[in-house]
$ cat coords-v7.csv   # CSV, C-alpha atoms
chain,number,residue,atom,x,y,z
Y,11,MET,CA,10.0,1.5,6.4
Y,12,ASN,CA,12.5,-0.2,8.8
Y,13,VAL,CA,11.6,2.4,11.4
Y,14,ILE,CA,7.9,1.4,11.1
Y,15,GLU,CA,8.8,-2.3,11.3
Y,16,GLN,CA,11.1,-1.9,14.3
Y,17,CYS,CA,8.7,0.5,16.2
Y,18,SER,CA,5.4,-1.0,15.1
Y,19,LYS,CA,4.1,-1.6,18.6
Y,20,LYS,CA,4.6,2.1,19.5
Y,21,LEU,CA,3.3,3.5,16.2
Y,22,GLU,CA,0.4,1.1,15.7
Y,23,ALA,CA,-2.3,3.2,17.5
Y,24,GLY,CA,-1.3,6.5,15.9
Y,25,ILE,CA,-1.1,5.0,12.4
Y,26,LYS,CA,-4.4,3.3,12.8
Y,27,GLN,CA,-6.0,6.5,14.0
Y,28,ILE,CA,-4.7,8.6,11.1
Y,29,LEU,CA,-5.7,6.0,8.5
Y,30,ILE,CA,-9.2,5.5,9.9
Y,31,SER,CA,-9.7,9.2,10.1
Y,32,VAL,CA,-8.7,9.7,6.5
Y,33,MET,CA,-10.6,6.7,5.2
Y,34,SER,CA,-13.8,7.6,7.0
Y,35,GLY,CA,-13.7,11.1,5.5
Y,36,ASP,CA,-13.2,12.8,8.9
Y,37,ASN,CA,-9.9,14.4,7.9
Y,38,GLN,CA,-10.3,16.0,4.4
Y,39,LEU,CA,-7.1,18.0,4.7
Y,40,ILE,CA,-4.8,15.0,5.0
Y,41,LYS,CA,-6.9,13.0,2.4
Y,42,SER,CA,-6.2,15.7,-0.2
Y,43,GLU,CA,-2.5,15.7,0.6
Y,44,ILE,CA,-1.7,11.9,0.6
Y,45,ASP,CA,-2.8,8.8,-1.2
Y,46,TYR,CA,-3.7,6.6,1.8
Y,47,HIS,CA,-3.8,3.6,-0.4
Y,48,GLU,CA,0.0,4.0,-1.0
Y,49,VAL,CA,0.5,4.4,2.7
Y,50,ILE,CA,-1.4,1.2,3.4
Y,51,TYR,CA,0.6,-0.6,0.7
Y,52,GLY,CA,3.9,0.5,2.2
Y,53,ILE,CA,2.9,-0.4,5.7
Y,54,TYR,CA,1.6,-3.8,4.6
Y,55,HIS,CA,5.2,-4.6,3.4
Y,56,CYS,CA,6.8,-4.1,6.8
Y,57,ALA,CA,4.1,-4.3,9.5
Y,58,PRO,CA,0.8,-5.7,8.3
Y,59,GLN,CA,-0.5,-6.2,11.8
Y,60,ILE,CA,-0.8,-2.4,12.1
Y,61,LEU,CA,-3.5,-2.5,9.5
Y,62,SER,CA,-5.9,-4.8,11.3
Y,63,GLY,CA,-8.0,-1.8,12.4
Y,64,VAL,CA,-8.5,-0.6,8.8
Y,65,VAL,CA,-9.8,-3.9,7.5
Y,66,PRO,CA,-13.5,-2.9,7.9
Y,67,TYR,CA,-12.9,0.4,6.0
Y,68,LEU,CA,-11.2,-1.4,3.1
Y,69,THR,CA,-14.0,-3.9,3.0
Y,70,GLY,CA,-16.4,-0.9,2.9
Y,71,GLU,CA,-14.5,0.5,-0.1
Y,72,LEU,CA,-14.8,-2.8,-1.9
Y,73,LEU,CA,-18.6,-2.6,-1.4
Y,74,ALA,CA,-18.9,1.1,-2.3
Y,75,ASP,CA,-21.4,2.3,-4.9
Y,76,GLN,CA,-18.9,4.7,-6.3
Y,77,LEU,CA,-16.9,3.0,-9.1
Y,78,ASP,CA,-13.7,5.0,-8.5
Y,79,THR,CA,-13.6,4.1,-4.8
Y,80,ARG,CA,-14.3,0.4,-5.6
Y,81,LEU,CA,-11.6,0.3,-8.3
Y,82,LYS,CA,-9.0,1.9,-6.1
Y,83,ALA,CA,-9.8,-0.6,-3.3
Y,84,VAL,CA,-9.7,-3.6,-5.7
Y,85,ARG,CA,-6.3,-2.4,-7.0
Y,86,LEU,CA,-4.9,-2.0,-3.5
Y,87,VAL,CA,-6.2,-5.2,-2.1
Y,88,GLY,CA,-5.3,-7.2,-5.2
Y,89,SER,CA,-1.7,-5.8,-5.1
Y,90,LEU,CA,-1.4,-6.7,-1.4
Y,91,PHE,CA,-2.5,-10.3,-1.9
Y,92,ALA,CA,-0.5,-10.7,-5.1
Y,93,LEU,CA,2.8,-9.9,-3.4
Y,94,PRO,CA,5.2,-12.8,-3.7
Y,95,GLY,CA,5.3,-14.6,-0.4
Y,96,ALA,CA,2.4,-12.7,1.1
Y,97,ASN,CA,0.4,-14.7,3.5
Y,98,ILE,CA,-3.2,-13.7,4.2
Y,99,CYS,CA,-3.4,-13.6,8.0
Y,100,GLU,CA,-6.7,-14.1,9.8
Y,101,ALA,CA,-7.3,-10.4,10.3
Y,102,PHE,CA,-7.4,-10.0,6.5
Y,103,GLN,CA,-9.7,-12.9,5.7
Y,104,PRO,CA,-12.8,-10.7,5.5
Y,105,ILE,CA,-11.1,-8.4,2.9
Y,106,PHE,CA,-9.8,-11.4,1.0
Y,107,LEU,CA,-13.3,-13.0,0.8
Y,108,GLU,CA,-14.9,-9.7,-0.3
Y,109,PHE,CA,-12.2,-9.2,-2.8
Y,110,LEU,CA,-12.9,-12.6,-4.4
Y,111,LYS,CA,-16.6,-11.7,-4.5
Y,112,ARG,CA,-15.8,-8.8,-6.7
Y,113,LEU,CA,-15.3,-11.4,-9.4
Y,114,THR,CA,-19.0,-11.1,-9.8
Y,115,ASP,CA,-19.1,-7.3,-9.6
Y,116,ARG,CA,-21.6,-5.6,-11.9
Y,117,VAL,CA,-18.8,-3.6,-13.6
Y,118,VAL,CA,-16.5,-5.4,-16.0
Y,119,ASP,CA,-13.4,-3.3,-15.1
Y,120,VAL,CA,-13.7,-4.4,-11.5
Y,121,ARG,CA,-14.0,-8.0,-12.4
Y,122,MET,CA,-11.0,-7.8,-14.7
Y,123,PHE,CA,-8.8,-6.2,-12.1
Y,124,VAL,CA,-9.7,-8.9,-9.6
Y,125,PHE,CA,-9.1,-11.6,-12.2
Y,126,GLU,CA,-5.7,-10.2,-13.1
Y,127,HIS,CA,-4.6,-10.0,-9.5
Y,128,VAL,CA,-5.9,-13.4,-8.7
Y,129,LYS,CA,-4.0,-14.8,-11.7
Y,130,ILE,CA,-0.8,-13.1,-10.6
Y,131,CYS,CA,-1.4,-14.5,-7.1
Y,132,LEU,CA,-1.8,-18.1,-8.3
Y,133,LEU,CA,1.0,-17.9,-10.9
Y,134,SER,CA,3.5,-16.5,-8.4
Y,135,ASP,CA,2.8,-19.3,-5.9
Y,136,PRO,CA,0.4,-22.0,-6.9
Y,137,SER,CA,0.8,-23.8,-3.5
Y,138,ARG,CA,-0.1,-20.8,-1.3
Y,139,PRO,CA,-2.6,-21.6,1.4
Y,140,GLU,CA,-5.4,-19.6,-0.3
Y,141,ALA,CA,-5.1,-21.4,-3.6
Y,142,PRO,CA,-7.9,-23.9,-2.9
Y,143,GLN,CA,-10.2,-21.1,-1.8
Y,144,ILE,CA,-9.5,-19.0,-4.9
Y,145,ILE,CA,-10.1,-22.0,-7.2
Y,146,CYS,CA,-13.3,-22.9,-5.4
Y,147,GLU,CA,-14.6,-19.3,-5.8
Y,148,PHE,CA,-13.8,-19.5,-9.6
Y,149,LEU,CA,-15.6,-22.8,-9.9
Y,150,LEU,CA,-18.6,-21.5,-8.0
Y,151,ILE,CA,-18.9,-18.4,-10.2
Y,152,PHE,CA,-18.5,-20.6,-13.3
Y,153,LEU,CA,-21.3,-23.0,-12.1
Y,154,LEU,CA,-23.6,-20.1,-11.3
Y,155,LYS,CA,-23.1,-18.7,-14.7
Y,156,ILE,CA,-23.9,-22.0,-16.3
Y,157,TYR,CA,-26.9,-22.4,-14.1
Y,158,SER,CA,-28.2,-18.9,-15.0
Y,159,TYR,CA,-27.9,-19.7,-18.7
Y,160,LEU,CA,-29.8,-23.0,-18.3
Y,161,CYS,CA,-32.7,-21.5,-16.4
$ encode --input "coords-v7.csv" --output "structure tokens"
Amino acid sequence: MNVIEQCSKKLEAGIKQILISVMSGDNQLIKSEIDYHEVIYGIYHCAPQILSGVVPYLTGELLADQLDTRLKAVRLVGSLFALPGANICEAFQPIFLEFLKRLTDRVVDVRMFVFEHVKICLLSDPSRPEAPQIICEFLLIFLLKIYSYLC
């Protein structure tokens, strides 16, 4: 991973192109050979800026109708944001917001995975910059649930 970190500027375009090709389904051969979620996780550790081009594709996976796709995306995004010391840069805000919205997903397993990762995220660093946003999302969901029971 040090090589990727040290050469991130030179490798960025190629890595983005390969990941987008695999994620969009254009390259089935590579998709069957590698788990691109693991590749994304590894790259996020050393050069997260390389991944800015795949943000829309990850967001799309969080919104996918296929449960398996949505669960894999929730696990990946949750793992990225729950990393100790991980800061959510501006490029990743759309994914982070969509990830939090999965707390109201129609499938219980998805909601539970999100909850577990958010819990890890807050327990590992309660003062992280995203903490107020996470807590506000929890409160909003809680209030909406109460409102729906009352009406």
$ atom_distance --input "coords-v7.csv" --atom1 "atom CA of Y:Gly24" --atom2 "atom CA of Y:Thr69"
20.9 Å
$ atom_distance --input "coords-v7.csv" --atom1 "atom CA of Y:Tyr46" --atom2 "atom CA of Y:Met33"
7.7 Å
$ residues_around --input "coords-v7.csv" --residues "stretch 124-137 of chain Y" --least-positions-apart "5" --cutoff "8 Å" --atoms "all atoms listed in the file" --output "list in words"
Val84, Arg85, Gly88, Ser89, Phe91, Ala92, Leu93, Pro94, Gly95, Phe109, Leu110, Arg112, Leu113 and Ile144 of chain Y
$ atom_distance --input "coords-v7.csv" --atom1 "atom CA of Y:Ile98" --atom2 "atom CA of Y:Leu61"
12.4 Å
$ closest_residue --input "coords-v7.csv" --among "Y:Val65, Y:Ile50, Y:Ala57, Y:Leu73" --to "Y:Lys19" --atoms "only C-alpha atoms"
Y:Ala57
$ closest_residue --input "coords-v7.csv" --among "Y:Gly52, Y:Lys26, Y:Arg121, Y:Cys146" --to "Y:Leu86" --atoms "all atoms listed in the file"
Y:Gly52
$ closest_residue --input "coords-v7.csv" --among "Y:Arg80, Y:Arg138, Y:Ile25, Y:Ala96" --to "Y:His55" --atoms "only C-alpha atoms"
Y:Ala96
$ residues_around --input "coords-v7.csv" --residues "Y:Asp75" --least-positions-apart "4" --cutoff "12 Å" --atoms "all atoms listed in the file" --output "ChimeraX atom specification"
/Y:70-71,79-81,115-117
$ closest_residue --input "coords-v7.csv" --among "Y:Leu107, Y:Val64, Y:Ile151, Y:Val13" --to "Y:Gln27" --atoms "only C-alpha atoms"
Y:Val64
$ closest_residue --input "coords-v7.csv" --among "Y:Tyr54, Y:Pro66, Y:Phe123, Y:Thr114" --to "Y:Leu90" --atoms "all atoms listed in the file"
Y:Tyr54
$ residues_near_point --input "coords-v7.csv" --point "(-0.2, -6.8, 11.3)" --cutoff "10 Å" --atoms "all atoms listed in the file" --output "list of chain:residue names"
Y:Ser18, Y:Lys19, Y:Glu22, Y:Ile53, Y:Tyr54, Y:His55, Y:Cys56, Y:Ala57, Y:Pro58, Y:Gln59, Y:Ile60, Y:Leu61, Y:Ser62, Y:Gly63, Y:Cys99, Y:Glu100, Y:Ala101, Y:Phe102
